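Undergrad: If it helps, the file is called structure26.tsv and holds TSV, C-alpha atoms:
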chain	number	residue	atom	x	y	z
G	15	MET	CA	0.00	0.00	0.00
G	16	LYS	CA	1.13	3.59	-0.60
G	17	TYR	CA	-0.40	6.96	0.27
G	18	PRO	CA	0.24	10.07	-1.88
G	19	ARG	CA	3.79	11.39	-1.30
G	20	GLY	CA	4.46	8.50	1.09
G	21	HIS	CA	6.58	5.37	1.00
G	22	GLU	CA	5.15	1.93	0.46
G	23	PHE	CA	4.18	0.06	3.60
G	24	ASP	CA	2.50	-3.08	4.86
G	25	TYR	CA	1.61	-4.56	8.23
G	26	LYS	CA	3.78	-7.28	9.69
G	27	PRO	CA	4.12	-8.97	13.11
G	28	LEU	CA	7.60	-8.36	14.54
G	29	ARG	CA	9.20	-9.47	17.77
G	30	PRO	CA	10.44	-6.57	19.94
G	31	SER	CA	13.95	-8.03	19.68
G	32	GLN	CA	13.82	-7.47	15.90
G	33	ILE	CA	13.16	-3.74	16.23
G	34	ARG	CA	16.08	-1.30	16.46
G	35	PHE	CA	16.17	2.34	17.58
G	36	ASP	CA	18.58	5.00	16.31
G	37	SER	CA	19.67	7.30	19.15
G	38	LEU	CA	20.61	10.07	16.71
G	39	TYR	CA	16.98	10.93	16.13
G	40	GLN	CA	15.11	9.02	18.84
G	41	ARG	CA	14.43	10.50	22.26
G	42	GLU	CA	15.53	8.72	25.43
G	43	LEU	CA	13.13	6.05	26.66
G	44	ASP	CA	10.85	7.41	29.41
G	45	LYS	CA	10.20	4.47	31.76
G	46	ALA	CA	7.40	6.31	33.57
G	47	ARG	CA	5.61	6.82	30.27
G	48	VAL	CA	6.02	3.14	29.40
G	49	GLU	CA	4.53	2.11	32.75
G	50	LYS	CA	1.60	4.50	32.22
G	51	ILE	CA	0.85	2.94	28.83
G	52	VAL	CA	0.81	-0.50	30.46
G	53	ARG	CA	-1.45	0.62	33.33
G	54	GLU	CA	-3.94	2.21	30.94
G	55	PHE	CA	-3.51	-0.29	28.12
G	56	ASP	CA	-6.41	-0.44	25.68
G	57	GLY	CA	-6.10	-2.72	22.68
G	58	ASP	CA	-8.57	-0.59	20.70
G	59	THR	CA	-6.41	2.53	20.93
G	60	PHE	CA	-2.92	1.02	21.08
G	61	ASN	CA	-0.79	2.51	18.29
G	62	GLU	CA	1.26	0.04	16.31
G	63	PRO	CA	4.95	1.01	15.95
G	64	LYS	CA	6.05	2.50	12.64
G	65	VAL	CA	9.31	1.03	11.39
G	66	SER	CA	11.50	1.36	8.33
G	67	TYR	CA	12.94	-1.79	6.79
G	68	ARG	CA	16.39	-0.58	5.74
G	69	ASP	CA	19.54	-2.59	5.03
G	70	GLY	CA	17.94	-5.73	6.43
G	71	VAL	CA	17.06	-4.06	9.76
G	72	TYR	CA	13.72	-2.83	11.15
G	73	TRP	CA	14.33	0.74	12.40
G	74	CYS	CA	11.57	2.23	14.54
G	75	PHE	CA	10.95	5.96	13.94
G	76	ASP	CA	7.65	6.18	15.85
G	77	GLY	CA	6.60	3.80	18.60
G	78	GLN	CA	9.61	3.25	20.83
G	79	HIS	CA	7.46	3.55	23.96
G	80	SER	CA	4.71	1.36	22.50
G	81	THR	CA	7.27	-1.37	21.81
G	82	ALA	CA	8.69	-1.18	25.32
G	83	ALA	CA	5.18	-1.20	26.80
G	84	TRP	CA	4.26	-4.29	24.74
G	85	ARG	CA	7.29	-6.15	26.06
G	86	LEU	CA	6.47	-5.13	29.66
G	87	LEU	CA	2.82	-6.05	29.19
G	88	ASN	CA	3.97	-9.53	28.16
G	89	LYS	CA	6.27	-9.85	31.20
G	90	GLY	CA	9.46	-9.47	29.17
G	91	LEU	CA	8.65	-12.22	26.69
G	92	ASP	CA	9.50	-11.61	23.03
G	93	VAL	CA	5.88	-11.77	21.86
G	94	PRO	CA	5.28	-10.48	18.28
G	95	LEU	CA	3.25	-7.29	17.78
G	96	VAL	CA	1.86	-5.90	14.55
G	97	CYS	CA	3.95	-3.06	13.09
G	98	LYS	CA	3.46	-0.71	10.17
G	99	VAL	CA	6.53	-1.47	8.05
G	100	TYR	CA	7.74	1.10	5.49
G	101	HIS	CA	10.00	0.25	2.56
G	102	GLY	CA	12.52	2.39	0.68
G	103	MET	CA	13.15	4.97	3.38
G	104	THR	CA	16.62	6.41	3.95
G	105	TRP	CA	18.05	7.40	7.33
G	106	LEU	CA	17.17	11.02	6.54
G	107	ASP	CA	13.61	10.00	5.66
G	108	GLU	CA	13.31	8.28	9.04
G	109	ALA	CA	14.66	11.28	10.97
G	110	ASP	CA	12.35	13.62	9.04
G	111	ALA	CA	9.36	11.35	9.67
G	112	PHE	CA	10.18	11.24	13.38
G	113	VAL	CA	10.08	15.05	13.57
G	114	LYS	CA	6.94	15.39	11.43
G	115	GLN	CA	5.20	12.67	13.42
G	116	ASN	CA	5.88	14.43	16.71
G	117	GLY	CA	6.03	18.09	15.68
G	118	LEU	CA	8.23	20.86	17.08
G	119	ALA	CA	5.65	22.68	19.13
G	120	LYS	CA	6.10	21.84	22.77
G	121	ASP	CA	8.33	20.46	25.49
G	122	PRO	CA	9.44	18.16	27.04
G	123	THR	CA	10.45	16.47	23.78
G	124	THR	CA	11.45	19.59	21.82
G	125	LEU	CA	15.12	19.05	22.68
G	126	GLN	CA	15.14	15.57	21.16
G	127	LYS	CA	13.26	16.74	18.08
G	128	LEU	CA	15.68	19.59	17.45
G	129	ARG	CA	18.58	17.21	17.98
G	130	ALA	CA	17.08	14.92	15.34
G	131	CYS	CA	16.72	17.89	12.98
G	132	ASN	CA	20.34	18.88	13.56
G	133	ASN	CA	21.60	15.35	12.98
G	134	SER	CA	19.56	15.11	9.78
G	135	CYS	CA	21.01	18.48	8.65
G	136	ARG	CA	17.75	20.43	8.52
G	137	PRO	CA	18.97	23.84	7.28
G	138	ASP	CA	17.28	26.11	9.82
G	139	VAL	CA	18.34	24.05	12.84
G	140	VAL	CA	21.89	23.71	11.52
G	141	GLU	CA	22.01	27.48	11.02
G	142	MET	CA	20.77	28.00	14.59
G	143	VAL	CA	23.66	25.84	15.81
G	144	THR	CA	26.35	27.44	13.64
G	145	GLY	CA	25.15	30.92	14.63
G	146	ALA	CA	25.53	30.05	18.31
G	147	GLU	CA	29.01	28.72	17.59
G	148	ARG	CA	29.94	32.00	15.90
G	149	ALA	CA	29.19	33.74	19.20
G	150	GLY	CA	31.32	31.24	21.13
G	151	PHE	CA	28.51	29.00	22.40
G	152	LYS	CA	27.65	25.36	21.91
G	153	VAL	CA	24.09	24.10	21.64
G	154	ALA	CA	23.60	21.45	24.33
G	155	PHE	CA	21.41	18.70	22.89
G	156	THR	CA	22.18	16.62	25.98
G	157	LYS	CA	21.45	17.67	29.55
G	158	THR	CA	24.46	19.61	30.74
G	159	ARG	CA	25.28	22.85	32.52
G	160	ASN	CA	28.30	24.79	31.38
G	161	GLY	CA	28.77	28.45	30.59
G	162	ARG	CA	29.39	27.92	26.90
G	163	ASN	CA	26.63	25.32	26.52
G	164	ILE	CA	23.09	26.52	25.86
G	165	PRO	CA	20.63	24.04	27.42
G	166	ALA	CA	17.46	26.09	26.67
G	167	VAL	CA	17.40	24.86	23.07
G	168	ALA	CA	13.68	25.43	22.52
G	169	ALA	CA	14.02	29.09	23.60
G	170	LEU	CA	17.11	29.43	21.42
G	171	PHE	CA	15.22	28.11	18.39
G	172	LYS	CA	12.38	30.58	19.02
G	173	ALA	CA	14.95	33.39	19.19
G	174	TYR	CA	16.48	32.23	15.91
G	175	GLN	CA	13.03	32.17	14.26
G	176	LYS	CA	12.20	35.64	15.56
G	177	LEU	CA	15.34	37.39	14.26
G	178	SER	CA	17.43	37.60	11.13
G	179	TYR	CA	20.50	35.37	11.20
G	180	GLU	CA	22.92	38.27	11.68
G	181	MET	CA	20.80	39.79	14.44
G	182	TYR	CA	20.55	36.38	16.12
G	183	VAL	CA	24.36	36.10	16.17
G	184	GLU	CA	24.62	39.72	17.35
G	185	MET	CA	22.25	38.98	20.26
G	186	LEU	CA	24.25	35.94	21.39
G	187	THR	CA	27.50	37.87	21.05
G	188	ALA	CA	26.09	40.60	23.31
G	189	ILE	CA	25.13	37.97	25.90
G	190	ALA	CA	28.62	36.45	25.80
G	191	GLU	CA	30.35	39.84	26.12
G	192	ALA	CA	28.06	41.10	28.87
G	193	TRP	CA	28.12	38.07	31.15
G	194	ASP	CA	31.24	36.16	30.12
G	195	PHE	CA	29.36	32.88	29.52
G	196	ASP	CA	27.60	32.84	32.89
G	197	PRO	CA	25.29	29.75	32.73
G	198	ASP	CA	22.35	31.88	33.94
G	199	SER	CA	22.75	34.17	30.93
G	200	THR	CA	21.45	31.52	28.53
G	201	SER	CA	18.36	30.59	30.50
G	202	GLN	CA	15.00	30.49	28.77
G	203	GLN	CA	14.05	33.83	30.37
G	204	ILE	CA	17.15	35.73	29.26
G	205	LEU	CA	17.05	34.29	25.74
G	206	SER	CA	13.38	35.17	25.28
G	207	GLY	CA	13.87	38.67	26.73
G	208	MET	CA	16.94	39.43	24.63
G	209	ALA	CA	15.29	38.07	21.48
G	210	GLU	CA	12.27	40.32	21.98
G	211	PHE	CA	14.53	43.28	22.78
G	212	TYR	CA	16.45	42.76	19.54
G	213	ARG	CA	13.25	42.23	17.58
G	214	LEU	CA	11.88	45.56	18.76
G	215	TYR	CA	15.04	47.67	18.92
G	216	GLY	CA	17.63	45.93	16.76
G	217	GLY	CA	19.56	48.47	14.67
G	218	LYS	CA	18.60	51.35	16.98
G	219	PHE	CA	21.46	51.01	19.46
G	220	ARG	CA	25.13	50.10	19.60
G	221	ARG	CA	25.97	46.69	20.96
G	222	GLU	CA	28.78	48.21	23.03
G	223	ASP	CA	26.25	50.41	24.86
G	224	LEU	CA	23.99	47.47	25.63
G	225	VAL	CA	26.88	45.29	26.80
G	226	SER	CA	28.25	47.97	29.12
G	227	ARG	CA	24.85	48.32	30.80
G	228	LEU	CA	24.16	44.58	31.09
G	229	LYS	CA	27.59	43.99	32.65
G	230	ARG	CA	26.40	45.83	35.75
G	231	VAL	CA	23.43	43.54	36.40
G	232	SER	CA	23.31	39.81	37.13
G	233	PRO	CA	21.13	37.72	34.82
G	234	LEU	CA	19.38	36.44	37.95
G	235	VAL	CA	18.24	39.99	38.76
G	236	ILE	CA	16.70	40.31	35.29
G	237	ILE	CA	15.00	36.94	35.71
G	238	ARG	CA	13.62	37.84	39.14
G	239	ASN	CA	12.40	41.33	38.21
G	240	GLY	CA	11.21	40.27	34.78
G	241	LYS	CA	9.01	37.59	36.28
G	242	LYS	CA	7.37	40.18	38.53
G	243	ASN	CA	6.67	42.52	35.61
G	244	ASP	CA	5.59	39.95	33.05
G	245	THR	CA	2.15	41.53	32.63
G	246	ARG	CA	3.48	43.42	29.58
G	247	GLY	CA	3.86	40.25	27.53
G	248	ASN	CA	7.59	39.86	28.09
G	249	GLY	CA	8.73	41.30	31.39
G	250	TYR	CA	12.30	40.21	30.71
G	251	CYS	CA	12.48	42.40	27.61
G	252	HIS	CA	11.02	45.30	29.61
G	253	GLU	CA	13.65	44.77	32.31
G	254	ILE	CA	16.45	44.83	29.73
G	255	LEU	CA	15.02	48.05	28.28
G	256	GLU	CA	14.95	49.62	31.75
G	257	ILE	CA	18.59	48.67	32.31
G	258	PHE	CA	19.60	50.11	28.93
G	259	ASN	CA	17.80	53.43	29.55
G	260	LYS	CA	18.76	53.91	33.22
G	261	ASN	CA	20.35	57.34	33.85
G	262	ARG	CA	20.70	57.86	30.09
G	263	SER	CA	20.03	61.39	28.84
G	264	SER	CA	20.60	60.61	25.17
G	265	ARG	CA	20.12	57.62	22.87
G	266	ARG	CA	17.26	56.37	24.99
G	267	LEU	CA	14.95	53.78	23.52
G	268	GLU	CA	11.24	54.49	23.73
G	269	GLU	CA	9.14	51.58	24.91
G	270	ILE	CA	7.15	49.98	22.09
G	271	LYS	CA	3.83	48.62	23.32
Would it be possible to restate this file's structure as structure tokens?
TA:
Amino acid sequence: MKYPRGHEFDYKPLRPSQIRFDSLYQRELDKARVEKIVREFDGDTFNEPKVSYRDGVYWCFDGQHSTAAWRLLNKGLDVPLVCKVYHGMTWLDEADAFVKQNGLAKDPTTLQKLRACNNSCRPDVVEMVTGAERAGFKVAFTKTRNGRNIPAVAALFKAYQKLSYEMYVEMLTAIAEAWDFDPDSTSQQILSGMAEFYRLYGGKFRREDLVSRLKRVSPLVIIRNGKKNDTRGNGYCHEILEIFNKNRSSRRLEEIK
């Protein structure tokens, strides 16, 4: 069978031991989620795994948790389950299908989806990564905390989407120069506030002026005060604007509402 624009597929019973998972585009297995599927198991709504038969191997691109739940449901025995088996897919097709199947809209799986996009060389995600590297950062697709690593990848991607590429690099460069790669400076709050600040005021100020003002204030102060004043839509951007304008008689930026 084949749908328009899709690869050919059929349905085939496979043993869980026959199914492989590629860590370059798959998320980590969530044991709590697997146990929840087992507790609430309903054969009428259970989704069969989707696998790609490539190079003599069955690669699962959607259904890792279903497969694990099936094995647990059967007390660890290698009992066959019906899978939707696709033919003719490449590794890139599988990675792309994984992302399209799950979307890029919300956490907590956004990190894994963006990692899959980066590994499959999706142009916008690759450009997000290379732009961060131009500013001296590294995008942390694994859980880590280090000044040069950016763990808030979803917020970083939103910042990239909001700005031009050059302005995106400029924003990250300002963060690096102002706070010398303080881990708190690449939190979700700071990234979202700086992205909105650059969206509204980019090209209307000198980076050196912004950096000199931000140097005087800890990122944690911006996070704390911005959270209190978040009624304006982005309190963190408002806080950055206040810091930029403080005691300034010229080259002030007027608040855009």
Undergrad: So that I can see what lies close to Phe75 in chain G, please list as a PyMOL selection string the residues with an atom at most 9 Å from it, counting all atoms listed in the file and leaving out residues fewer than 6 positions away in the same chain.
TA: chain G and resi 35-36+39-40+63-66+108-109+111-112+115
Undergrad: With only C-alpha atoms as the basis for distance, which of G:Arg262, G:Lys152, G:Arg29, G:Arg41 is at the shortest distance from Asp92 in chain G?
TA: G:Arg29
Undergrad: Using CA of Phe219 in chain G and CA of Val140 in chain G as the two end points, give the distance in Å to one decimal.
TA: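 Between these atoms lies a distance of 28.4 Å.
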Undergrad: Quick one: everything within 12 Å of range 17-19 of chain G, counting all atoms listed in the file, minus sequence neighbours fewer than 4 positions away in the same chain. Send it as a VMD selection string.
TA: chain G and resid 23 to 24 100
Undergrad: Of the candidates G:Glu191, G:Glu54, G:Asp223, G:Glu180, which shows the shortest atom-to-atom distance to Leu87 in chain G, using all atoms listed in the file?
TA: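 Checking each candidate against Leu87 in chain G, we get G:Glu54 as the closest.
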Undergrad: Which residue is closest to Gln202 in chain G? Choose from G:Arg227, G:Lys172, G:Arg221, G:His79 and count all atoms listed in the file.
TA: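 Checking each of G:Arg227, G:Lys172, G:Arg221, G:His79 against Gln202 in chain G, counting all atoms listed in the file, the winner is G:Lys172.
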Undergrad: What separation in Å, quoted to one decimal, exists between CA of Cys131 in chain G and CA of Phe155 in chain G?
TA: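 According to the coordinates, CA of Cys131 in chain G and CA of Phe155 in chain G are separated by 11.0 Å.
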Undergrad: Out of G:Ala169, G:Ile33, G:Ala46, G:Leu38, which residue has the shortest atom-to-atom distance to Thr81 in chain G when counting all atoms listed in the file?
TA: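 Of the candidates, the smallest distance to Thr81 in chain G is held by G:Ile33.
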Undergrad: Could you tell me how far CA of Val48 in chain G sits from CA of Ala166 in chain G, in Å to one decimal place?
TA: 25.8 Å
Undergrad: Quick one: residues within 12 Å of Gln203 in chain G, only C-alpha atoms counted, chain neighbours fewer than 5 positions away excluded, as a PyMOL selection string?
TA: chain G and resi 166+168-170+172-173+198+208-210+233-241+244+248-254
Undergrad: Can I get the selection written as a PDB file, keeping the file's coordinate frame, with C-alpha atoms?
TA:
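Okay, this is what ended up in out_15.pdb:
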ATOM      1  CA  ALA G 166      17.460  26.090  26.670  1.00  0.00           C
ATOM      2  CA  ALA G 168      13.680  25.430  22.520  1.00  0.00           C
ATOM      3  CA  ALA G 169      14.020  29.090  23.600  1.00  0.00           C
ATOM      4  CA  LEU G 170      17.110  29.430  21.420  1.00  0.00           C
ATOM      5  CA  LYS G 172      12.380  30.580  19.020  1.00  0.00           C
ATOM      6  CA  ALA G 173      14.950  33.390  19.190  1.00  0.00           C
ATOM      7  CA  ASP G 198      22.350  31.880  33.940  1.00  0.00           C
ATOM      8  CA  MET G 208      16.940  39.430  24.630  1.00  0.00           C
ATOM      9  CA  ALA G 209      15.290  38.070  21.480  1.00  0.00           C
ATOM     10  CA  GLU G 210      12.270  40.320  21.980  1.00  0.00           C
ATOM     11  CA  PRO G 233      21.130  37.720  34.820  1.00  0.00           C
ATOM     12  CA  LEU G 234      19.380  36.440  37.950  1.00  0.00           C
ATOM     13  CA  VAL G 235      18.240  39.990  38.760  1.00  0.00           C
ATOM     14  CA  ILE G 236      16.700  40.310  35.290  1.00  0.00           C
ATOM     15  CA  ILE G 237      15.000  36.940  35.710  1.00  0.00           C
ATOM     16  CA  ARG G 238      13.620  37.840  39.140  1.00  0.00           C
ATOM     17  CA  ASN G 239      12.400  41.330  38.210  1.00  0.00           C
ATOM     18  CA  GLY G 240      11.210  40.270  34.780  1.00  0.00           C
ATOM     19  CA  LYS G 241       9.010  37.590  36.280  1.00  0.00           C
ATOM     20  CA  ASP G 244       5.590  39.950  33.050  1.00  0.00           C
ATOM     21  CA  ASN G 248       7.590  39.860  28.090  1.00  0.00           C
ATOM     22  CA  GLY G 249       8.730  41.300  31.390  1.00  0.00           C
ATOM     23  CA  TYR G 250      12.300  40.210  30.710  1.00  0.00           C
ATOM     24  CA  CYS G 251      12.480  42.400  27.610  1.00  0.00           C
ATOM     25  CA  HIS G 252      11.020  45.300  29.610  1.00  0.00           C
ATOM     26  CA  GLU G 253      13.650  44.770  32.310  1.00  0.00           C
ATOM     27  CA  ILE G 254      16.450  44.830  29.730  1.00  0.00           C
TER      28      ILE G 254
END
Undergrad: Determine the nearest neighbour of Val52 in chain G from the options G:Ile189, G:Leu86, G:Val71, G:Ile257, counting all atoms listed in the file.
TA: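 That would be G:Leu86, the residue with the smallest distance to Val52 in chain G.
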Undergrad: Residues at most 12 Å from Glu222 in chain G, counting all atoms listed in the file, excluding those fewer than 6 positions away in the same chain, as a ChimeraX atom specification?
TA: /G:184-185,187-189,191-192,228-229,258
Undergrad: Which residue, G:Ala146, G:Leu43, G:Val113, G:Leu106, has the smallest gap to Ala83 in chain G when you use all atoms listed in the file?
TA: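 Between G:Ala146, G:Leu43, G:Val113, G:Leu106, the residue approaching Ala83 in chain G most closely is G:Leu43.
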Undergrad: Applying 9 Å and only C-alpha atoms, which residues near Asn163 in chain G remain after dropping the ones on its own chain fewer than 6 positions away? List them as a PyMOL selection string.
TA: chain G and resi 151-154+195+197+200
